[in-house]
Amino acid sequence: MNTRSYNTVSANKSTVKKEWLIVDAQNEVVGRLASKVAYLLRGKHKPSYTPHVDCGDNVIIINAEKVRFTGNKTTNKEYVRYTGYPGGQRFATPKEWFVRKPTEILRHAIHGMIPKNKLGSRLNTNVYIYAGDKHPHEGQNPKSIDIKNVKA
């Protein structure tokens, strides 16, 4: 028996082939969209997936201000942050975030679904979120992808 045929090939920085993908977020549910984008950022859709290597794709998200929440989450959900000072706990609803920073809702949701380590910090730089349908990445020839067909 030839044991060389059973070797496991592990991806590394030089062997990974990264693509540019573009996702239209219009009328998508925030959590479902974020989980599928995190799946693409990690590279779990590729047969050469390696957990400790950045083997995912670069993802461009357009129309981020047109995402939606299900149920009453737009008014009832609360994002909590702490300034670091006594009495500095601040609360905000998604409705308030849409007015102030419409792209930060998706960035926050995606960040929560990737690892909290050096690899996760690196993966955060591979997602580009824009309000509106214009983006400055035409030179990378991004491939349009229907997020509903991604099996996360």
# chains A, B, ... in the order shown; residues from 1 in each chain; ligands from 1

call {"tool": "residues_around", "arguments": {"residues": "A:Ile60", "least_positions_apart": "5", "cutoff": "12 Å", "atoms": "only C-alpha atoms", "output": "PyMOL selection string"}}
result
chain A and resi 19-25+37+40-41+103+106-107+124-138+140-145+147

call {"tool": "residues_around", "arguments": {"residues": "A:Ala38", "least_positions_apart": "5", "cutoff": "8 Å", "atoms": "only C-alpha atoms", "output": "list in words"}}
result
Ile110, Met113 and Ile114 of chain A

call {"tool": "write_last_selection", "arguments": {"atoms": "C-alpha atoms", "output": "tab-separated table (two decimals), in the first residue's frame"}}
result
chain	number	residue	atom	x	y	z
A	110	ILE	CA	-19.55	39.62	11.74
A	113	MET	CA	-18.78	35.29	14.67
A	114	ILE	CA	-15.06	34.97	14.01

call {"tool": "residues_around", "arguments": {"residues": "A:Lys101", "least_positions_apart": "5", "cutoff": "10 Å", "atoms": "only C-alpha atoms", "output": "list in words"}}
result
Glu65, Pro94, Glu96 and Ala131 of chain A

call {"tool": "write_last_selection", "arguments": {"atoms": "all heavy atoms", "output": "short mmCIF file (atom, residue, chain, number, x, y, z; two decimals), in the first residue's frame"}}
result
data_model
loop_
_atom_site.label_atom_id
_atom_site.label_comp_id
_atom_site.auth_asym_id
_atom_site.auth_seq_id
_atom_site.Cartn_x
_atom_site.Cartn_y
_atom_site.Cartn_z
N GLU A 65 -26.94 49.50 4.59
CA GLU A 65 -27.96 50.22 5.33
C GLU A 65 -29.35 49.65 5.09
O GLU A 65 -30.30 50.04 5.77
CB GLU A 65 -27.94 51.71 4.95
CG GLU A 65 -28.61 52.07 3.65
CD GLU A 65 -27.82 51.72 2.40
OE1 GLU A 65 -26.68 51.21 2.52
OE2 GLU A 65 -28.32 51.96 1.30
N PRO A 94 -30.59 49.20 17.56
CA PRO A 94 -30.22 49.18 16.13
C PRO A 94 -30.79 50.37 15.36
O PRO A 94 -30.17 50.86 14.42
CB PRO A 94 -30.81 47.87 15.64
CG PRO A 94 -30.84 47.00 16.84
CD PRO A 94 -31.13 47.91 17.99
N GLU A 96 -31.02 53.42 16.40
CA GLU A 96 -30.10 54.54 16.61
C GLU A 96 -28.81 54.33 15.82
O GLU A 96 -28.22 55.28 15.30
CB GLU A 96 -29.80 54.70 18.10
CG GLU A 96 -31.00 55.10 18.92
CD GLU A 96 -30.79 54.92 20.41
OE1 GLU A 96 -29.72 54.38 20.81
OE2 GLU A 96 -31.67 55.31 21.17
N ALA A 131 -22.29 51.48 2.68
CA ALA A 131 -23.68 51.89 2.56
C ALA A 131 -23.87 52.39 1.14
O ALA A 131 -23.14 53.25 0.68
CB ALA A 131 -24.00 52.98 3.57
#

call {"tool": "atom_distance", "arguments": {"atom1": "atom CA of A:Gly139", "atom2": "atom CA of A:Lys36"}}
result
24.4 Å

call {"tool": "select_by_dssp", "arguments": {"residues": "stretch 68-105 of chain A", "states": "strand (DSSP E or B)", "output": "PDB file with all heavy atoms, in the first residue's frame"}}
result
ATOM      1  N   ARG A  68     -32.088  44.086   7.513  1.00  0.00           N
ATOM      2  CA  ARG A  68     -33.255  44.149   8.385  1.00  0.00           C
ATOM      3  C   ARG A  68     -33.100  43.189   9.550  1.00  0.00           C
ATOM      4  O   ARG A  68     -32.281  42.271   9.519  1.00  0.00           O
ATOM      5  CB  ARG A  68     -34.525  43.849   7.611  1.00  0.00           C
ATOM      6  CG  ARG A  68     -34.581  42.446   7.042  1.00  0.00           C
ATOM      7  CD  ARG A  68     -35.823  42.247   6.187  1.00  0.00           C
ATOM      8  NE  ARG A  68     -35.838  40.921   5.606  1.00  0.00           N
ATOM      9  CZ  ARG A  68     -36.386  39.867   6.191  1.00  0.00           C
ATOM     10  NH1 ARG A  68     -36.967  39.984   7.364  1.00  0.00           N
ATOM     11  NH2 ARG A  68     -36.352  38.684   5.615  1.00  0.00           N
ATOM     12  N   TYR A  79     -27.497  47.309  22.235  1.00  0.00           N
ATOM     13  CA  TYR A  79     -26.055  47.139  22.187  1.00  0.00           C
ATOM     14  C   TYR A  79     -25.475  47.883  23.390  1.00  0.00           C
ATOM     15  O   TYR A  79     -25.785  49.051  23.617  1.00  0.00           O
ATOM     16  CB  TYR A  79     -25.478  47.721  20.894  1.00  0.00           C
ATOM     17  CG  TYR A  79     -25.893  46.970  19.654  1.00  0.00           C
ATOM     18  CD1 TYR A  79     -26.797  47.523  18.756  1.00  0.00           C
ATOM     19  CD2 TYR A  79     -25.366  45.719  19.379  1.00  0.00           C
ATOM     20  CE1 TYR A  79     -27.172  46.846  17.617  1.00  0.00           C
ATOM     21  CE2 TYR A  79     -25.739  45.035  18.241  1.00  0.00           C
ATOM     22  CZ  TYR A  79     -26.641  45.595  17.370  1.00  0.00           C
ATOM     23  OH  TYR A  79     -27.003  44.914  16.240  1.00  0.00           O
ATOM     24  N   VAL A  80     -24.646  47.200  24.161  1.00  0.00           N
ATOM     25  CA  VAL A  80     -24.092  47.779  25.379  1.00  0.00           C
ATOM     26  C   VAL A  80     -22.598  47.989  25.187  1.00  0.00           C
ATOM     27  O   VAL A  80     -21.894  47.121  24.680  1.00  0.00           O
ATOM     28  CB  VAL A  80     -24.331  46.842  26.590  1.00  0.00           C
ATOM     29  CG1 VAL A  80     -23.795  47.457  27.855  1.00  0.00           C
ATOM     30  CG2 VAL A  80     -25.795  46.516  26.725  1.00  0.00           C
ATOM     31  N   ARG A  81     -22.121  49.163  25.591  1.00  0.00           N
ATOM     32  CA  ARG A  81     -20.682  49.426  25.590  1.00  0.00           C
ATOM     33  C   ARG A  81     -20.334  50.155  26.873  1.00  0.00           C
ATOM     34  O   ARG A  81     -21.199  50.714  27.544  1.00  0.00           O
ATOM     35  CB  ARG A  81     -20.248  50.223  24.366  1.00  0.00           C
ATOM     36  CG  ARG A  81     -20.776  51.623  24.307  1.00  0.00           C
ATOM     37  CD  ARG A  81     -20.377  52.320  23.011  1.00  0.00           C
ATOM     38  NE  ARG A  81     -20.886  53.679  22.986  1.00  0.00           N
ATOM     39  CZ  ARG A  81     -20.228  54.732  23.423  1.00  0.00           C
ATOM     40  NH1 ARG A  81     -19.010  54.591  23.933  1.00  0.00           N
ATOM     41  NH2 ARG A  81     -20.756  55.930  23.379  1.00  0.00           N
ATOM     42  N   TYR A  82     -19.082  50.128  27.206  1.00  0.00           N
ATOM     43  CA  TYR A  82     -18.630  50.739  28.451  1.00  0.00           C
ATOM     44  C   TYR A  82     -17.465  51.661  28.146  1.00  0.00           C
ATOM     45  O   TYR A  82     -16.492  51.258  27.509  1.00  0.00           O
ATOM     46  CB  TYR A  82     -18.223  49.662  29.451  1.00  0.00           C
ATOM     47  CG  TYR A  82     -17.737  50.197  30.769  1.00  0.00           C
ATOM     48  CD1 TYR A  82     -18.557  50.982  31.561  1.00  0.00           C
ATOM     49  CD2 TYR A  82     -16.451  49.933  31.217  1.00  0.00           C
ATOM     50  CE1 TYR A  82     -18.111  51.481  32.769  1.00  0.00           C
ATOM     51  CE2 TYR A  82     -15.996  50.419  32.419  1.00  0.00           C
ATOM     52  CZ  TYR A  82     -16.835  51.200  33.190  1.00  0.00           C
ATOM     53  OH  TYR A  82     -16.392  51.705  34.396  1.00  0.00           O
ATOM     54  N   GLN A  89     -21.658  53.268  31.344  1.00  0.00           N
ATOM     55  CA  GLN A  89     -22.276  52.241  30.513  1.00  0.00           C
ATOM     56  C   GLN A  89     -23.279  52.902  29.579  1.00  0.00           C
ATOM     57  O   GLN A  89     -24.147  53.662  30.011  1.00  0.00           O
ATOM     58  CB  GLN A  89     -22.969  51.199  31.391  1.00  0.00           C
ATOM     59  CG  GLN A  89     -23.304  49.935  30.659  1.00  0.00           C
ATOM     60  CD  GLN A  89     -23.810  48.848  31.610  1.00  0.00           C
ATOM     61  OE1 GLN A  89     -24.296  49.139  32.691  1.00  0.00           O
ATOM     62  NE2 GLN A  89     -23.674  47.617  31.187  1.00  0.00           N
ATOM     63  N   ARG A  90     -23.135  52.641  28.263  1.00  0.00           N
ATOM     64  CA  ARG A  90     -23.994  53.272  27.263  1.00  0.00           C
ATOM     65  C   ARG A  90     -24.795  52.203  26.536  1.00  0.00           C
ATOM     66  O   ARG A  90     -24.290  51.120  26.245  1.00  0.00           O
ATOM     67  CB  ARG A  90     -23.158  54.045  26.247  1.00  0.00           C
ATOM     68  CG  ARG A  90     -22.246  55.086  26.848  1.00  0.00           C
ATOM     69  CD  ARG A  90     -23.028  56.297  27.334  1.00  0.00           C
ATOM     70  NE  ARG A  90     -22.150  57.355  27.782  1.00  0.00           N
ATOM     71  CZ  ARG A  90     -21.966  57.675  29.061  1.00  0.00           C
ATOM     72  NH1 ARG A  90     -22.580  57.018  30.006  1.00  0.00           N
ATOM     73  NH2 ARG A  90     -21.171  58.656  29.389  1.00  0.00           N
ATOM     74  N   PHE A  91     -26.026  52.539  26.193  1.00  0.00           N
ATOM     75  CA  PHE A  91     -26.926  51.623  25.508  1.00  0.00           C
ATOM     76  C   PHE A  91     -27.388  52.264  24.211  1.00  0.00           C
ATOM     77  O   PHE A  91     -27.598  53.478  24.150  1.00  0.00           O
ATOM     78  CB  PHE A  91     -28.152  51.316  26.379  1.00  0.00           C
ATOM     79  CG  PHE A  91     -27.808  50.750  27.721  1.00  0.00           C
ATOM     80  CD1 PHE A  91     -27.675  51.573  28.828  1.00  0.00           C
ATOM     81  CD2 PHE A  91     -27.604  49.395  27.873  1.00  0.00           C
ATOM     82  CE1 PHE A  91     -27.356  51.054  30.061  1.00  0.00           C
ATOM     83  CE2 PHE A  91     -27.285  48.863  29.105  1.00  0.00           C
ATOM     84  CZ  PHE A  91     -27.161  49.694  30.199  1.00  0.00           C
ATOM     85  N   ALA A  92     -27.558  51.444  23.178  1.00  0.00           N
ATOM     86  CA  ALA A  92     -28.065  51.939  21.899  1.00  0.00           C
ATOM     87  C   ALA A  92     -28.875  50.839  21.231  1.00  0.00           C
ATOM     88  O   ALA A  92     -28.565  49.652  21.368  1.00  0.00           O
ATOM     89  CB  ALA A  92     -26.921  52.373  20.989  1.00  0.00           C
TER      90      ALA A  92
END

call {"tool": "residues_around", "arguments": {"residues": "A:Asn72", "least_positions_apart": "4", "cutoff": "12 Å", "atoms": "only C-alpha atoms", "output": "PDB file with N, CA and C atoms, in the first residue's frame"}}
result
ATOM      1  N   ARG A  68     -32.088  44.086   7.513  1.00  0.00           N
ATOM      2  CA  ARG A  68     -33.255  44.149   8.385  1.00  0.00           C
ATOM      3  C   ARG A  68     -33.100  43.189   9.550  1.00  0.00           C
ATOM      4  N   ASN A  76     -36.194  46.766  20.334  1.00  0.00           N
ATOM      5  CA  ASN A  76     -36.020  46.112  21.635  1.00  0.00           C
ATOM      6  C   ASN A  76     -34.595  45.651  21.909  1.00  0.00           C
ATOM      7  N   LYS A  77     -33.820  45.330  20.882  1.00  0.00           N
ATOM      8  CA  LYS A  77     -32.444  44.866  21.075  1.00  0.00           C
ATOM      9  C   LYS A  77     -31.581  46.029  21.546  1.00  0.00           C
ATOM     10  N   GLU A  78     -30.627  45.743  22.433  1.00  0.00           N
ATOM     11  CA  GLU A  78     -29.737  46.784  22.930  1.00  0.00           C
ATOM     12  C   GLU A  78     -28.285  46.380  22.754  1.00  0.00           C
ATOM     13  N   THR A  93     -29.901  51.223  20.501  1.00  0.00           N
ATOM     14  CA  THR A  93     -30.723  50.266  19.757  1.00  0.00           C
ATOM     15  C   THR A  93     -30.242  50.251  18.302  1.00  0.00           C
ATOM     16  N   PRO A  94     -30.585  49.203  17.558  1.00  0.00           N
ATOM     17  CA  PRO A  94     -30.223  49.176  16.134  1.00  0.00           C
ATOM     18  C   PRO A  94     -30.794  50.368  15.359  1.00  0.00           C
ATOM     19  N   LYS A  95     -31.949  50.852  15.774  1.00  0.00           N
ATOM     20  CA  LYS A  95     -32.549  52.018  15.108  1.00  0.00           C
ATOM     21  C   LYS A  95     -31.626  53.233  15.229  1.00  0.00           C
TER      22      LYS A  95
END

call {"tool": "atom_distance", "arguments": {"atom1": "atom CA of A:Ala34", "atom2": "atom CA of A:Arg122"}}
result
16.9 Å

call {"tool": "residues_around", "arguments": {"residues": "stretch 50-54 of chain A", "least_positions_apart": "5", "cutoff": "12 Å", "atoms": "only C-alpha atoms", "output": "PyMOL selection string"}}
result
chain A and resi 8-18+39-45+114-115+117-126

call {"tool": "write_last_selection", "arguments": {"atoms": "N, CA and C atoms", "output": "PDB file, in the first residue's frame"}}
result
ATOM      1  N   THR A   8      -2.142  14.367   4.486  1.00  0.00           N
ATOM      2  CA  THR A   8      -3.039  15.495   4.582  1.00  0.00           C
ATOM      3  C   THR A   8      -2.291  16.754   4.187  1.00  0.00           C
ATOM      4  N   VAL A   9      -2.848  17.496   3.256  1.00  0.00           N
ATOM      5  CA  VAL A   9      -2.211  18.712   2.794  1.00  0.00           C
ATOM      6  C   VAL A   9      -2.774  19.876   3.606  1.00  0.00           C
ATOM      7  N   SER A  10      -1.899  20.625   4.239  1.00  0.00           N
ATOM      8  CA  SER A  10      -2.302  21.764   5.046  1.00  0.00           C
ATOM      9  C   SER A  10      -1.965  23.042   4.293  1.00  0.00           C
ATOM     10  N   ALA A  11      -2.938  23.935   4.182  1.00  0.00           N
ATOM     11  CA  ALA A  11      -2.723  25.194   3.456  1.00  0.00           C
ATOM     12  C   ALA A  11      -1.811  26.100   4.262  1.00  0.00           C
ATOM     13  N   ASN A  12      -1.073  26.932   3.554  1.00  0.00           N
ATOM     14  CA  ASN A  12      -0.281  27.966   4.216  1.00  0.00           C
ATOM     15  C   ASN A  12      -0.405  29.258   3.419  1.00  0.00           C
ATOM     16  N   LYS A  13       0.249  30.286   3.883  1.00  0.00           N
ATOM     17  CA  LYS A  13       0.092  31.616   3.302  1.00  0.00           C
ATOM     18  C   LYS A  13       0.412  31.646   1.803  1.00  0.00           C
ATOM     19  N   SER A  14       1.380  30.871   1.372  1.00  0.00           N
ATOM     20  CA  SER A  14       1.788  30.910  -0.033  1.00  0.00           C
ATOM     21  C   SER A  14       0.909  30.052  -0.937  1.00  0.00           C
ATOM     22  N   THR A  15       0.214  29.059  -0.393  1.00  0.00           N
ATOM     23  CA  THR A  15      -0.597  28.180  -1.234  1.00  0.00           C
ATOM     24  C   THR A  15      -2.069  28.570  -1.274  1.00  0.00           C
ATOM     25  N   VAL A  16      -2.488  29.519  -0.448  1.00  0.00           N
ATOM     26  CA  VAL A  16      -3.890  29.921  -0.409  1.00  0.00           C
ATOM     27  C   VAL A  16      -4.222  30.800  -1.598  1.00  0.00           C
ATOM     28  N   LYS A  17      -5.341  30.505  -2.249  1.00  0.00           N
ATOM     29  CA  LYS A  17      -5.816  31.314  -3.361  1.00  0.00           C
ATOM     30  C   LYS A  17      -7.045  32.086  -2.890  1.00  0.00           C
ATOM     31  N   LYS A  18      -6.850  33.400  -2.689  1.00  0.00           N
ATOM     32  CA  LYS A  18      -7.939  34.239  -2.192  1.00  0.00           C
ATOM     33  C   LYS A  18      -8.668  34.890  -3.363  1.00  0.00           C
ATOM     34  N   TYR A  39     -18.456  32.704   7.491  1.00  0.00           N
ATOM     35  CA  TYR A  39     -18.124  31.410   6.894  1.00  0.00           C
ATOM     36  C   TYR A  39     -17.205  31.589   5.683  1.00  0.00           C
ATOM     37  N   LEU A  40     -17.508  32.604   4.852  1.00  0.00           N
ATOM     38  CA  LEU A  40     -16.667  32.891   3.683  1.00  0.00           C
ATOM     39  C   LEU A  40     -15.322  33.481   4.092  1.00  0.00           C
ATOM     40  N   LEU A  41     -15.317  34.322   5.128  1.00  0.00           N
ATOM     41  CA  LEU A  41     -14.062  34.923   5.596  1.00  0.00           C
ATOM     42  C   LEU A  41     -13.114  33.886   6.165  1.00  0.00           C
ATOM     43  N   ARG A  42     -13.645  32.891   6.865  1.00  0.00           N
ATOM     44  CA  ARG A  42     -12.797  31.829   7.422  1.00  0.00           C
ATOM     45  C   ARG A  42     -12.268  30.897   6.343  1.00  0.00           C
ATOM     46  N   GLY A  43     -12.996  30.763   5.233  1.00  0.00           N
ATOM     47  CA  GLY A  43     -12.575  29.862   4.164  1.00  0.00           C
ATOM     48  C   GLY A  43     -13.133  28.471   4.323  1.00  0.00           C
ATOM     49  N   LYS A  44     -14.180  28.313   5.119  1.00  0.00           N
ATOM     50  CA  LYS A  44     -14.731  26.985   5.382  1.00  0.00           C
ATOM     51  C   LYS A  44     -15.437  26.395   4.168  1.00  0.00           C
ATOM     52  N   HIS A  45     -15.686  27.186   3.149  1.00  0.00           N
ATOM     53  CA  HIS A  45     -16.321  26.684   1.939  1.00  0.00           C
ATOM     54  C   HIS A  45     -15.321  26.065   0.971  1.00  0.00           C
ATOM     55  N   ILE A 114     -16.374  35.483  14.367  1.00  0.00           N
ATOM     56  CA  ILE A 114     -15.056  34.971  14.010  1.00  0.00           C
ATOM     57  C   ILE A 114     -14.208  34.884  15.272  1.00  0.00           C
ATOM     58  N   PRO A 115     -13.098  34.147  15.253  1.00  0.00           N
ATOM     59  CA  PRO A 115     -12.303  33.932  16.467  1.00  0.00           C
ATOM     60  C   PRO A 115     -11.775  35.230  17.062  1.00  0.00           C
ATOM     61  N   ASN A 117      -8.817  36.190  18.344  1.00  0.00           N
ATOM     62  CA  ASN A 117      -7.377  36.015  18.485  1.00  0.00           C
ATOM     63  C   ASN A 117      -6.684  36.739  17.332  1.00  0.00           C
ATOM     64  N   LYS A 118      -5.411  36.487  17.125  1.00  0.00           N
ATOM     65  CA  LYS A 118      -4.676  37.176  16.060  1.00  0.00           C
ATOM     66  C   LYS A 118      -5.248  36.853  14.677  1.00  0.00           C
ATOM     67  N   LEU A 119      -5.683  35.606  14.486  1.00  0.00           N
ATOM     68  CA  LEU A 119      -6.271  35.236  13.204  1.00  0.00           C
ATOM     69  C   LEU A 119      -7.574  35.994  12.989  1.00  0.00           C
ATOM     70  N   GLY A 120      -8.372  36.131  14.032  1.00  0.00           N
ATOM     71  CA  GLY A 120      -9.620  36.870  13.918  1.00  0.00           C
ATOM     72  C   GLY A 120      -9.384  38.335  13.587  1.00  0.00           C
ATOM     73  N   SER A 121      -8.349  38.928  14.163  1.00  0.00           N
ATOM     74  CA  SER A 121      -8.018  40.313  13.846  1.00  0.00           C
ATOM     75  C   SER A 121      -7.627  40.448  12.383  1.00  0.00           C
ATOM     76  N   ARG A 122      -6.917  39.460  11.876  1.00  0.00           N
ATOM     77  CA  ARG A 122      -6.521  39.459  10.468  1.00  0.00           C
ATOM     78  C   ARG A 122      -7.744  39.284   9.558  1.00  0.00           C
ATOM     79  N   LEU A 123      -8.681  38.440   9.968  1.00  0.00           N
ATOM     80  CA  LEU A 123      -9.880  38.207   9.167  1.00  0.00           C
ATOM     81  C   LEU A 123     -10.773  39.449   9.123  1.00  0.00           C
ATOM     82  N   ASN A 124     -10.753  40.257  10.190  1.00  0.00           N
ATOM     83  CA  ASN A 124     -11.557  41.478  10.208  1.00  0.00           C
ATOM     84  C   ASN A 124     -11.128  42.453   9.121  1.00  0.00           C
ATOM     85  N   THR A 125      -9.891  42.380   8.674  1.00  0.00           N
ATOM     86  CA  THR A 125      -9.420  43.290   7.630  1.00  0.00           C
ATOM     87  C   THR A 125      -9.812  42.817   6.233  1.00  0.00           C
ATOM     88  N   ASN A 126     -10.424  41.641   6.125  1.00  0.00           N
ATOM     89  CA  ASN A 126     -10.799  41.100   4.816  1.00  0.00           C
ATOM     90  C   ASN A 126     -12.243  41.385   4.442  1.00  0.00           C
TER      91      ASN A 126
END

call {"tool": "atom_distance", "arguments": {"atom1": "atom CA of A:Asn63", "atom2": "atom CA of A:Asn27"}}
result
9.1 Å

call {"tool": "select_by_dssp", "arguments": {"residues": "chain A", "states": "helix (DSSP H, G or I)", "output": "PyMOL selection string"}}
result
chain A and resi 3-6+30-42+64-66+73-76+94-100+104-111+118-124+138-140+147-149

call {"tool": "closest_residue", "arguments": {"among": "A:His108, A:Gly56, A:Phe98, A:Ile62", "to": "A:Thr74", "atoms": "only C-alpha atoms"}}
result
A:Phe98
